[in-house]
>>> print(open('coords17.tsv').read())   # TSV, C-alpha atoms and all ligand atoms
chain	number	residue	atom	x	y	z
A	1	MET	CA	4.23	-2.81	2.30
A	2	ARG	CA	3.72	0.57	3.88
A	3	ASN	CA	6.49	2.77	5.24
A	4	LYS	CA	6.58	3.32	8.96
A	5	LEU	CA	6.81	6.99	9.82
A	6	ALA	CA	7.86	9.16	12.76
A	7	ILE	CA	6.96	12.78	11.98
A	8	ALA	CA	7.97	15.68	14.22
A	9	ASN	CA	5.52	18.57	14.22
A	10	TRP	CA	7.33	21.38	15.99
A	11	LYS	CA	4.37	23.74	15.62
A	12	MET	CA	5.38	27.35	16.49
A	13	ASN	CA	8.49	26.42	18.44
A	14	LYS	CA	12.27	26.81	18.26
A	15	SER	CA	14.59	29.62	17.26
A	16	ARG	CA	17.05	28.93	14.43
A	17	ALA	CA	19.77	28.27	17.01
A	18	GLU	CA	17.57	25.71	18.74
A	19	ALA	CA	16.65	24.11	15.42
A	20	LYS	CA	20.33	23.85	14.51
A	21	GLU	CA	21.22	22.20	17.81
A	22	PHE	CA	18.38	19.68	17.35
A	23	CYS	CA	19.53	18.83	13.81
A	24	GLU	CA	23.16	18.42	14.89
A	25	GLN	CA	22.09	15.86	17.49
A	26	LEU	CA	19.64	14.16	15.13
A	27	ARG	CA	22.40	13.79	12.53
A	28	GLN	CA	24.39	11.73	15.02
A	29	ALA	CA	21.44	9.39	15.63
A	30	ALA	CA	20.30	9.22	12.00
A	31	PRO	CA	22.45	6.27	10.85
A	32	GLU	CA	20.76	4.01	13.42
A	33	LEU	CA	17.26	5.03	12.45
A	34	THR	CA	16.56	2.20	10.05
A	35	GLY	CA	13.16	0.66	9.48
A	36	VAL	CA	11.39	3.97	9.99
A	37	GLU	CA	11.21	7.11	7.89
A	38	THR	CA	11.81	10.16	10.06
A	39	VAL	CA	10.53	13.61	9.10
A	40	VAL	CA	10.99	17.01	10.76
A	41	CYS	CA	8.40	19.74	10.16
A	42	PRO	CA	9.76	23.01	11.60
A	43	PRO	CA	8.24	26.49	11.33
A	44	PHE	CA	8.96	28.17	7.95
A	45	THR	CA	11.64	30.35	9.58
A	46	SER	CA	13.82	27.30	10.27
A	47	LEU	CA	13.00	25.29	7.17
A	48	TYR	CA	15.98	26.39	5.08
A	49	LEU	CA	18.35	25.69	7.94
A	50	VAL	CA	16.78	22.28	8.65
A	51	ALA	CA	17.05	21.38	4.95
A	52	GLU	CA	20.76	22.26	4.95
A	53	GLN	CA	21.42	20.40	8.20
A	54	LEU	CA	19.53	17.22	7.29
A	55	GLU	CA	20.62	16.92	3.64
A	56	ASN	CA	21.93	13.40	2.91
A	57	THR	CA	21.17	12.08	6.40
A	58	GLY	CA	18.15	10.01	5.36
A	59	VAL	CA	15.91	12.23	7.51
A	60	HIS	CA	13.29	14.16	5.52
A	61	TRP	CA	11.66	17.50	6.23
A	62	GLY	CA	8.41	19.22	5.43
A	63	GLY	CA	6.21	22.29	5.90
A	64	GLN	CA	3.43	22.60	8.48
A	65	ASN	CA	1.08	24.21	5.95
A	66	CYS	CA	0.99	25.68	2.45
A	67	PHE	CA	-1.31	27.73	0.22
A	68	TRP	CA	-3.08	26.48	-2.93
A	69	GLU	CA	-1.69	29.00	-5.45
A	70	GLU	CA	1.78	28.76	-6.97
A	71	GLN	CA	2.69	32.45	-6.58
A	72	GLY	CA	1.21	35.94	-6.52
A	73	ALA	CA	-0.41	38.53	-4.26
A	74	TYR	CA	-1.15	36.36	-1.21
A	75	THR	CA	0.51	38.16	1.67
A	76	GLY	CA	1.81	35.81	4.34
A	77	GLU	CA	1.30	32.62	2.38
A	78	VAL	CA	3.85	30.03	1.21
A	79	SER	CA	3.27	27.97	-1.94
A	80	PRO	CA	3.83	24.26	-2.52
A	81	LEU	CA	6.44	25.19	-5.13
A	82	MET	CA	8.36	27.16	-2.52
A	83	LEU	CA	8.37	24.09	-0.27
A	84	ARG	CA	9.63	21.98	-3.18
A	85	ASP	CA	12.31	24.60	-3.75
A	86	LEU	CA	13.50	23.84	-0.20
A	87	ARG	CA	13.49	20.13	-1.13
A	88	CYS	CA	10.60	19.38	1.23
A	89	ARG	CA	9.15	15.93	0.72
A	90	TYR	CA	6.10	16.46	2.95
A	91	VAL	CA	3.57	19.06	4.00
A	92	ILE	CA	1.13	18.82	6.93
A	93	LEU	CA	-2.36	19.91	5.87
A	94	GLY	CA	-5.61	20.31	7.77
A	95	HIS	CA	-4.09	20.20	11.26
A	96	SER	CA	-6.86	20.76	13.83
A	97	GLU	CA	-5.08	23.85	15.17
A	98	ARG	CA	-5.43	25.42	11.70
A	99	ARG	CA	-9.01	24.23	11.36
A	100	GLN	CA	-10.02	25.53	14.80
A	101	ILE	CA	-7.86	28.60	15.41
A	102	LEU	CA	-7.45	29.85	11.85
A	103	GLY	CA	-10.81	28.79	10.43
A	104	GLU	CA	-9.55	26.45	7.71
A	105	THR	CA	-12.47	24.68	6.06
A	106	ASP	CA	-12.56	21.33	4.30
A	107	ALA	CA	-13.00	23.21	1.01
A	108	MET	CA	-9.74	25.10	1.64
A	109	ILE	CA	-7.94	21.92	2.67
A	110	ASN	CA	-9.18	20.21	-0.50
A	111	ARG	CA	-7.61	22.98	-2.64
A	112	LYS	CA	-4.38	22.81	-0.65
A	113	LEU	CA	-4.19	19.04	-1.09
A	114	ALA	CA	-4.67	19.33	-4.85
A	115	ALA	CA	-1.95	21.99	-5.09
A	116	ALA	CA	0.49	20.08	-2.87
A	117	ILE	CA	-0.01	16.86	-4.82
A	118	GLY	CA	0.36	18.77	-8.10
A	119	ALA	CA	3.71	20.12	-6.89
A	120	GLY	CA	4.95	16.61	-6.02
A	121	LEU	CA	4.71	16.97	-2.23
A	122	ILE	CA	3.37	14.18	-0.04
A	123	PRO	CA	0.56	15.66	2.04
A	124	ILE	CA	0.09	14.56	5.64
A	125	LEU	CA	-3.65	15.09	5.97
A	126	CYS	CA	-4.85	15.44	9.57
A	127	VAL	CA	-8.37	14.44	10.56
A	128	GLY	CA	-10.03	13.91	13.93
A	129	GLU	CA	-13.04	14.60	16.09
A	130	THR	CA	-13.51	16.89	19.10
A	131	LEU	CA	-14.33	15.57	22.57
A	132	GLN	CA	-17.93	16.66	22.24
A	133	GLU	CA	-18.24	14.87	18.90
A	134	ARG	CA	-16.82	11.70	20.44
A	135	GLU	CA	-19.12	11.93	23.45
A	136	ASN	CA	-22.06	12.37	21.09
A	137	HIS	CA	-20.98	9.20	19.23
A	138	ARG	CA	-20.30	11.22	16.10
A	139	ALA	CA	-16.54	10.55	15.80
A	140	ARG	CA	-16.78	8.30	12.73
A	141	GLU	CA	-19.27	10.53	10.99
A	142	VAL	CA	-17.04	13.59	11.52
A	143	VAL	CA	-13.88	11.84	10.31
A	144	LYS	CA	-15.73	10.40	7.29
A	145	GLU	CA	-17.01	13.87	6.38
A	146	GLN	CA	-13.52	15.39	6.67
A	147	LEU	CA	-11.98	12.66	4.52
A	148	ASP	CA	-14.70	12.77	1.87
A	149	GLN	CA	-14.57	16.55	1.54
A	150	ASP	CA	-10.80	16.96	1.84
A	151	LEU	CA	-10.12	14.28	-0.79
A	152	ARG	CA	-12.98	15.27	-3.12
A	153	ASN	CA	-12.17	14.92	-6.80
A	154	LEU	CA	-8.54	14.08	-6.12
A	155	ALA	CA	-6.89	11.42	-8.24
A	156	PRO	CA	-4.80	8.89	-6.28
A	157	PRO	CA	-1.64	10.90	-5.49
A	158	THR	CA	1.35	9.58	-7.41
A	159	ALA	CA	4.01	10.72	-4.92
A	160	GLY	CA	1.92	9.38	-2.05
A	161	LEU	CA	-0.32	10.50	0.75
A	162	VAL	CA	-0.19	10.13	4.52
A	163	ILE	CA	-3.20	10.40	6.82
A	164	ALA	CA	-2.84	11.32	10.49
A	165	TYR	CA	-5.75	10.49	12.79
A	166	GLU	CA	-5.50	13.09	15.52
A	167	PRO	CA	-8.44	13.25	17.92
A	168	VAL	CA	-8.58	16.92	18.90
A	169	TRP	CA	-9.06	16.11	22.58
A	170	ALA	CA	-5.81	14.16	22.63
A	171	ILE	CA	-3.61	16.88	21.14
A	172	GLY	CA	-1.29	18.50	23.66
A	173	THR	CA	-3.41	17.27	26.57
A	174	GLY	CA	-1.35	14.35	27.84
A	175	VAL	CA	-4.41	12.13	27.28
A	176	ASN	CA	-3.83	9.87	24.31
A	177	ALA	CA	-6.56	7.82	22.62
A	178	SER	CA	-6.59	4.19	23.73
A	179	SER	CA	-4.83	1.94	21.25
A	180	ASP	CA	-8.16	0.16	20.63
A	181	ASP	CA	-9.94	3.41	19.77
A	182	ALA	CA	-7.07	4.52	17.55
A	183	GLN	CA	-7.00	1.15	15.76
A	184	GLU	CA	-10.74	1.17	15.25
A	185	MET	CA	-10.76	4.64	13.70
A	186	ILE	CA	-7.67	4.00	11.60
A	187	SER	CA	-9.10	0.83	10.09
A	188	PHE	CA	-12.29	2.78	9.35
A	189	ILE	CA	-10.17	5.47	7.64
A	190	ARG	CA	-8.55	2.81	5.46
A	191	GLU	CA	-11.99	1.55	4.41
A	192	ARG	CA	-13.03	5.07	3.45
A	193	LEU	CA	-9.81	5.60	1.49
A	194	ALA	CA	-10.51	2.41	-0.44
A	195	GLN	CA	-13.84	3.89	-1.47
A	196	SER	CA	-12.57	7.35	-2.37
A	197	LEU	CA	-9.11	6.63	-3.85
A	198	GLY	CA	-9.42	2.94	-4.66
A	199	PRO	CA	-8.18	-0.18	-2.85
A	200	GLU	CA	-4.61	0.00	-4.22
A	201	SER	CA	-4.05	3.53	-2.91
A	202	ALA	CA	-5.71	2.69	0.40
A	203	ALA	CA	-3.45	-0.32	0.86
A	204	VAL	CA	-0.24	1.71	0.44
A	205	THR	CA	-1.25	4.87	2.32
A	206	PRO	CA	0.41	5.08	5.75
A	207	ILE	CA	-2.09	6.07	8.44
A	208	LEU	CA	-0.58	7.53	11.59
A	209	TYR	CA	-1.87	8.27	15.05
A	210	GLY	CA	-1.26	11.68	16.64
A	211	GLY	CA	-2.20	13.14	20.02
A	212	SER	CA	-0.01	13.06	23.15
A	213	VAL	CA	2.31	10.41	21.72
A	214	ASN	CA	5.35	9.83	23.92
A	215	SER	CA	8.02	7.21	24.52
A	216	ASN	CA	5.82	5.47	27.13
A	217	ASN	CA	2.68	5.00	25.04
A	218	ILE	CA	3.97	4.53	21.48
A	219	ALA	CA	4.78	0.81	21.74
A	220	GLU	CA	1.21	-0.06	22.73
A	221	ILE	CA	-0.21	2.12	19.95
A	222	MET	CA	2.14	0.58	17.38
A	223	ALA	CA	1.13	-2.93	18.41
A	224	GLU	CA	-2.15	-2.33	16.55
A	225	LYS	CA	-2.10	-3.75	13.05
A	226	ASP	CA	-3.32	-0.75	11.04
A	227	ILE	CA	-1.22	1.98	12.69
A	228	ASP	CA	1.84	2.87	10.63
A	229	GLY	CA	3.52	5.46	12.85
A	230	ALA	CA	2.96	8.75	14.62
A	231	LEU	CA	2.69	12.50	14.19
A	232	ILE	CA	4.40	13.83	17.28
A	233	GLY	CA	4.05	17.33	18.72
A	234	GLY	CA	5.35	18.06	22.22
A	235	ALA	CA	7.51	14.93	22.47
A	236	SER	CA	9.28	15.79	19.21
A	237	LEU	CA	10.88	18.94	20.59
A	238	GLN	CA	13.63	17.02	22.37
A	239	VAL	CA	15.89	14.96	20.11
A	240	SER	CA	16.21	12.20	22.70
A	241	SER	CA	12.47	11.57	22.97
A	242	PHE	CA	11.90	11.90	19.21
A	243	VAL	CA	14.65	9.36	18.51
A	244	THR	CA	13.35	6.98	21.19
A	245	ILE	CA	9.85	7.14	19.70
A	246	ALA	CA	11.22	6.64	16.16
A	247	ARG	CA	13.15	3.56	17.32
A	248	LEU	CA	10.09	2.11	19.04
A	249	ILE	CA	8.10	2.65	15.81
A	250	ALA	CA	10.85	0.90	13.82
A	251	ASN	CA	10.87	-2.06	16.20
A	252	ALA	CA	7.09	-2.47	16.31
B	301	LIG	P1	1.02	16.48	20.64
B	301	LIG	O1	0.64	17.11	19.19
B	301	LIG	O2	1.89	15.29	20.35
B	301	LIG	O3	1.72	17.58	21.36
B	301	LIG	O4	-0.27	16.08	21.27
B	301	LIG	C1	0.40	16.29	18.09
B	301	LIG	C2	-0.01	17.14	16.91
B	301	LIG	O5	-0.73	18.12	17.10
B	301	LIG	O6	0.38	16.86	15.78
>>> encode(input="coords17.tsv", output="structure tokens")
Amino acid sequence: MRNKLAIANWKMNKSRAEAKEFCEQLRQAAPELTGVETVVCPPFTSLYLVAEQLENTGVHWGGQNCFWEEQGAYTGEVSPLMLRDLRCRYVILGHSERRQILGETDAMINRKLAAAIGAGLIPILCVGETLQERENHRAREVVKEQLDQDLRNLAPPTAGLVIAYEPVWAIGTGVNASSDDAQEMISFIRERLAQSLGPESAAVTPILYGGSVNSNNIAEIMAEKDIDGALIGGASLQVSSFVTIARLIANA
């Protein structure tokens, strides 16, 4: 059995005051959020506050990125150990915004994954094709390449691993992938995982969909058999919509 997941990716949003208000409201709703694991990934500046606010609520938290070294002269970076120190359970790695805007390569993401797993974090590895790649019928090839390179030489992670299929053209655009397209790619991802990490790991790895998820489209997406939850950007900034989506994931 795989966990169902609702993961909030706040990206570069929210002051500490706004993060606190969100957590106070989420704490109220948390006892009803059964049957789904909820995770909040705030910017680093709010992570300590979110950890304090969500302690013992059943809601988990995580970083949106981390570096591959444990400590040292790496100005501006945050290590997996530092995230563990804040009792993070998760870290998002390889988000397309980091790949495209900040030039992260698969080789870098591979090192980050190894370091995060070594520190006991559960990585949420994001993969997905651009619109041009999809139109050129290269979506599978691109996702396969990302998975193969990002997971190269990694042993099956003991704490776990989460994959998020996020087609780049669906992120922040209001145009989500059709549930059929998402299902097709996610079942392909599970096949690839079986080859790279082994069938046991592939069977227990939650694979999420991300890209313009909202409370109106999540039920249809979750009706697909291989989709285990969602990585939610814009619609995770309001507690009410995040909680509605989490409930719909739980009930799917
Ligand atoms: P979105 O972002 O839900 O705003 O499309 C998803 C993501 O980038 O993780």
>>> residues_near_point(input="coords17.tsv", point="(0.3, 2.2, 7.9)", cutoff="7 Å", atoms="all atoms listed in the file", output="ChimeraX atom specification")
/A:2-4,205-208,226-229
>>> residues_around(input="coords17.tsv", residues="Glu18 (chain A)", least_positions_apart="4", cutoff="12 Å", atoms="only C-alpha atoms", output="MDAnalysis selection string")
chainID A and resid 10 13:14 22:25 42:43 45:46 49:50 237:239
>>> residues_around(input="coords17.tsv", residues="Pro156 (chain A)", least_positions_apart="6", cutoff="10 Å", atoms="all atoms listed in the file", output="PDB file with C-alpha atoms, in the frame of the given file")
ATOM      1  CA  ILE A 117      -0.010  16.860  -4.820  1.00  0.00           C
ATOM      2  CA  LEU A 193      -9.810   5.600   1.490  1.00  0.00           C
ATOM      3  CA  SER A 196     -12.570   7.350  -2.370  1.00  0.00           C
ATOM      4  CA  LEU A 197      -9.110   6.630  -3.850  1.00  0.00           C
ATOM      5  CA  GLY A 198      -9.420   2.940  -4.660  1.00  0.00           C
ATOM      6  CA  GLU A 200      -4.610   0.000  -4.220  1.00  0.00           C
ATOM      7  CA  SER A 201      -4.050   3.530  -2.910  1.00  0.00           C
ATOM      8  CA  ALA A 202      -5.710   2.690   0.400  1.00  0.00           C
TER       9      ALA A 202
END
>>> closest_atom_pairs(input="coords17.tsv", of="chain A", to="ligand LIG 301 (chain B)", cutoff="8 Å", atoms="only C-alpha atoms and all ligand atoms", output="Markdown table")
| residue | atom | partner | partner_atom | distance |
| --- | --- | --- | --- | --- |
| A:Ala8 | CA | B:LIG301 | O6 | 7.8 |
| A:Asn9 | CA | B:LIG301 | O6 | 5.6 |
| A:Lys11 | CA | B:LIG301 | O5 | 7.7 |
| A:His95 | CA | B:LIG301 | O5 | 7.1 |
| A:Ser96 | CA | B:LIG301 | O5 | 7.4 |
| A:Glu97 | CA | B:LIG301 | O5 | 7.4 |
| A:Glu166 | CA | B:LIG301 | C2 | 7.0 |
| A:Ala170 | CA | B:LIG301 | O4 | 6.0 |
| A:Ile171 | CA | B:LIG301 | O4 | 3.4 |
| A:Gly172 | CA | B:LIG301 | O4 | 3.6 |
| A:Thr173 | CA | B:LIG301 | O4 | 6.3 |
| A:Gly174 | CA | B:LIG301 | O4 | 6.9 |
| A:Asn176 | CA | B:LIG301 | O4 | 7.8 |
| A:Gly210 | CA | B:LIG301 | C1 | 5.1 |
| A:Gly211 | CA | B:LIG301 | O4 | 3.7 |
| A:Ser212 | CA | B:LIG301 | O4 | 3.6 |
| A:Val213 | CA | B:LIG301 | O2 | 5.1 |
| A:Asn214 | CA | B:LIG301 | O2 | 7.4 |
| A:Leu231 | CA | B:LIG301 | O6 | 5.2 |
| A:Ile232 | CA | B:LIG301 | O2 | 4.2 |
| A:Gly233 | CA | B:LIG301 | O2 | 3.4 |
| A:Gly234 | CA | B:LIG301 | O3 | 3.8 |
| A:Ala235 | CA | B:LIG301 | O2 | 6.0 |
| A:Ser236 | CA | B:LIG301 | O2 | 7.5 |
>>> closest_atom_pairs(input="coords17.tsv", of="region 134-158 of chain A", to="region 105-111 of chain A", cutoff="8 Å", atoms="only C-alpha atoms", output="JSON lines")
{"residue": "A:Gln146", "atom": "CA", "partner": "A:Asp106", "partner_atom": "CA", "distance": 6.5}
{"residue": "A:Gln149", "atom": "CA", "partner": "A:Asp106", "partner_atom": "CA", "distance": 5.9}
{"residue": "A:Asp150", "atom": "CA", "partner": "A:Asn110", "partner_atom": "CA", "distance": 4.3}
{"residue": "A:Leu151", "atom": "CA", "partner": "A:Asn110", "partner_atom": "CA", "distance": 6.0}
{"residue": "A:Arg152", "atom": "CA", "partner": "A:Asn110", "partner_atom": "CA", "distance": 6.8}
>>> atom_distance(input="coords17.tsv", atom1="CA of Tyr90 (chain A)", atom2="CA of Ile124 (chain A)")
6.9 Å
>>> closest_residue(input="coords17.tsv", among="A:Phe67, A:Glu220, A:Val204, A:Ile163", to="Met1 (chain A)", atoms="only C-alpha atoms")
A:Val204
>>> residues_around(input="coords17.tsv", residues="Pro167 (chain A)", least_positions_apart="2", cutoff="6 Å", atoms="only C-alpha atoms", output="ChimeraX atom specification")
/A:128-129,169-170
>>> residues_near_point(input="coords17.tsv", point="(5.4, 16.0, 8.6)", cutoff="7 Å", atoms="only C-alpha atoms", output="PyMOL selection string")
chain A and resi 7-9+39-41+61-64+90-92+124
>>> write_last_selection(input="coords17.tsv", atoms="C-alpha atoms", output="JSON list (two decimals), in the frame of the given file")
[["chain", "number", "residue", "atom", "x", "y", "z"],
["A", 7, "ILE", "CA", 6.96, 12.78, 11.98],
["A", 8, "ALA", "CA", 7.97, 15.68, 14.22],
["A", 9, "ASN", "CA", 5.52, 18.57, 14.22],
["A", 39, "VAL", "CA", 10.53, 13.61, 9.10],
["A", 40, "VAL", "CA", 10.99, 17.01, 10.76],
["A", 41, "CYS", "CA", 8.40, 19.74, 10.16],
["A", 61, "TRP", "CA", 11.66, 17.50, 6.23],
["A", 62, "GLY", "CA", 8.41, 19.22, 5.43],
["A", 63, "GLY", "CA", 6.21, 22.29, 5.90],
["A", 64, "GLN", "CA", 3.43, 22.60, 8.48],
["A", 90, "TYR", "CA", 6.10, 16.46, 2.95],
["A", 91, "VAL", "CA", 3.57, 19.06, 4.00],
["A", 92, "ILE", "CA", 1.13, 18.82, 6.93],
["A", 124, "ILE", "CA", 0.09, 14.56, 5.64]]
>>> atom_distance(input="coords17.tsv", atom1="CA of Ala194 (chain A)", atom2="CA of Ala219 (chain A)")
27.0 Å
>>> closest_residue(input="coords17.tsv", among="A:Arg190, A:Lys112, A:Lys225, A:Arg27", to="Ser79 (chain A)", atoms="all atoms listed in the file")
A:Lys112
>>> closest_residue(input="coords17.tsv", among="A:Gln28, A:Arg89, A:Ala51, A:Trp68", to="Val243 (chain A)", atoms="all atoms listed in the file")
A:Gln28
>>> atom_distance(input="coords17.tsv", atom1="CA of Leu102 (chain A)", atom2="CA of Asn65 (chain A)")
11.8 Å
>>> closest_residue(input="coords17.tsv", among="A:Thr57, A:Asp180, A:Gln100, A:Arg192", to="Ala223 (chain A)", atoms="all atoms listed in the file")
A:Asp180
>>> closest_residue(input="coords17.tsv", among="A:Ser15, A:Ser179, A:Thr34, A:Gln53", to="Ala246 (chain A)", atoms="all atoms listed in the file")
A:Thr34
>>> closest_residue(input="coords17.tsv", among="A:Ala17, A:Val127, A:Ala114, A:Cys88", to="Leu54 (chain A)", atoms="all atoms listed in the file")
A:Cys88
>>> residues_around(input="coords17.tsv", residues="Glu52 (chain A)", least_positions_apart="4", cutoff="10 Å", atoms="all atoms listed in the file", output="ChimeraX atom specification")
/A:20,23,47-48,56,86-87
>>> write_last_selection(input="coords17.tsv", atoms="C-alpha atoms", output="short mmCIF file (atom, residue, chain, number, x, y, z; two decimals), keeping the file's coordinate frame")
data_model
loop_
_atom_site.label_atom_id
_atom_site.label_comp_id
_atom_site.auth_asym_id
_atom_site.auth_seq_id
_atom_site.Cartn_x
_atom_site.Cartn_y
_atom_site.Cartn_z
CA LYS A 20 20.33 23.85 14.51
CA CYS A 23 19.53 18.83 13.81
CA LEU A 47 13.00 25.29 7.17
CA TYR A 48 15.98 26.39 5.08
CA ASN A 56 21.93 13.40 2.91
CA LEU A 86 13.50 23.84 -0.20
CA ARG A 87 13.49 20.13 -1.13
#
>>> decode(input="coords17.tsv", residues="region 36-49 of chain A", atoms="N, CA, C and O atoms", output="PDB file, in the first residue's frame")
ATOM      1  N   VAL A  36      -4.714  10.712   4.266  1.00  0.00           N
ATOM      2  CA  VAL A  36      -3.810  11.429   3.350  1.00  0.00           C
ATOM      3  C   VAL A  36      -2.691  12.026   4.204  1.00  0.00           C
ATOM      4  O   VAL A  36      -2.934  12.496   5.312  1.00  0.00           O
ATOM      5  N   GLU A  37      -1.467  11.945   3.694  1.00  0.00           N
ATOM      6  CA  GLU A  37      -0.369  12.601   4.408  1.00  0.00           C
ATOM      7  C   GLU A  37      -0.224  14.005   3.823  1.00  0.00           C
ATOM      8  O   GLU A  37      -0.099  14.160   2.605  1.00  0.00           O
ATOM      9  N   THR A  38      -0.283  15.010   4.668  1.00  0.00           N
ATOM     10  CA  THR A  38      -0.159  16.383   4.184  1.00  0.00           C
ATOM     11  C   THR A  38       1.223  16.927   4.545  1.00  0.00           C
ATOM     12  O   THR A  38       1.754  16.661   5.626  1.00  0.00           O
ATOM     13  N   VAL A  39       1.779  17.691   3.613  1.00  0.00           N
ATOM     14  CA  VAL A  39       3.146  18.208   3.772  1.00  0.00           C
ATOM     15  C   VAL A  39       3.156  19.660   3.314  1.00  0.00           C
ATOM     16  O   VAL A  39       2.561  19.986   2.283  1.00  0.00           O
ATOM     17  N   VAL A  40       3.823  20.524   4.074  1.00  0.00           N
ATOM     18  CA  VAL A  40       3.970  21.931   3.689  1.00  0.00           C
ATOM     19  C   VAL A  40       5.448  22.222   3.426  1.00  0.00           C
ATOM     20  O   VAL A  40       6.294  21.965   4.281  1.00  0.00           O
ATOM     21  N   CYS A  41       5.741  22.730   2.237  1.00  0.00           N
ATOM     22  CA  CYS A  41       7.120  23.096   1.890  1.00  0.00           C
ATOM     23  C   CYS A  41       7.205  24.612   1.703  1.00  0.00           C
ATOM     24  O   CYS A  41       6.923  25.132   0.616  1.00  0.00           O
ATOM     25  N   PRO A  42       7.575  25.336   2.766  1.00  0.00           N
ATOM     26  CA  PRO A  42       7.650  26.797   2.691  1.00  0.00           C
ATOM     27  C   PRO A  42       9.051  27.226   2.226  1.00  0.00           C
ATOM     28  O   PRO A  42       9.947  26.393   2.141  1.00  0.00           O
ATOM     29  N   PRO A  43       9.245  28.507   1.964  1.00  0.00           N
ATOM     30  CA  PRO A  43      10.616  28.992   1.748  1.00  0.00           C
ATOM     31  C   PRO A  43      11.434  28.781   3.030  1.00  0.00           C
ATOM     32  O   PRO A  43      10.872  28.670   4.118  1.00  0.00           O
ATOM     33  N   PHE A  44      12.768  28.747   2.893  1.00  0.00           N
ATOM     34  CA  PHE A  44      13.632  28.495   4.065  1.00  0.00           C
ATOM     35  C   PHE A  44      13.356  29.487   5.197  1.00  0.00           C
ATOM     36  O   PHE A  44      13.467  29.140   6.370  1.00  0.00           O
ATOM     37  N   THR A  45      12.996  30.731   4.843  1.00  0.00           N
ATOM     38  CA  THR A  45      12.817  31.762   5.866  1.00  0.00           C
ATOM     39  C   THR A  45      11.656  31.463   6.816  1.00  0.00           C
ATOM     40  O   THR A  45      11.606  31.996   7.923  1.00  0.00           O
ATOM     41  N   SER A  46      10.714  30.629   6.369  1.00  0.00           N
ATOM     42  CA  SER A  46       9.573  30.297   7.241  1.00  0.00           C
ATOM     43  C   SER A  46       9.643  28.875   7.778  1.00  0.00           C
ATOM     44  O   SER A  46       8.731  28.435   8.482  1.00  0.00           O
ATOM     45  N   LEU A  47      10.715  28.167   7.457  1.00  0.00           N
ATOM     46  CA  LEU A  47      10.731  26.740   7.778  1.00  0.00           C
ATOM     47  C   LEU A  47      10.758  26.467   9.288  1.00  0.00           C
ATOM     48  O   LEU A  47      10.057  25.579   9.783  1.00  0.00           O
ATOM     49  N   TYR A  48      11.526  27.268  10.013  1.00  0.00           N
ATOM     50  CA  TYR A  48      11.615  27.061  11.458  1.00  0.00           C
ATOM     51  C   TYR A  48      10.256  27.314  12.104  1.00  0.00           C
ATOM     52  O   TYR A  48       9.777  26.536  12.939  1.00  0.00           O
ATOM     53  N   LEU A  49       9.620  28.384  11.647  1.00  0.00           N
ATOM     54  CA  LEU A  49       8.303  28.738  12.182  1.00  0.00           C
ATOM     55  C   LEU A  49       7.269  27.655  11.851  1.00  0.00           C
ATOM     56  O   LEU A  49       6.494  27.244  12.717  1.00  0.00           O
TER      57      LEU A  49
END
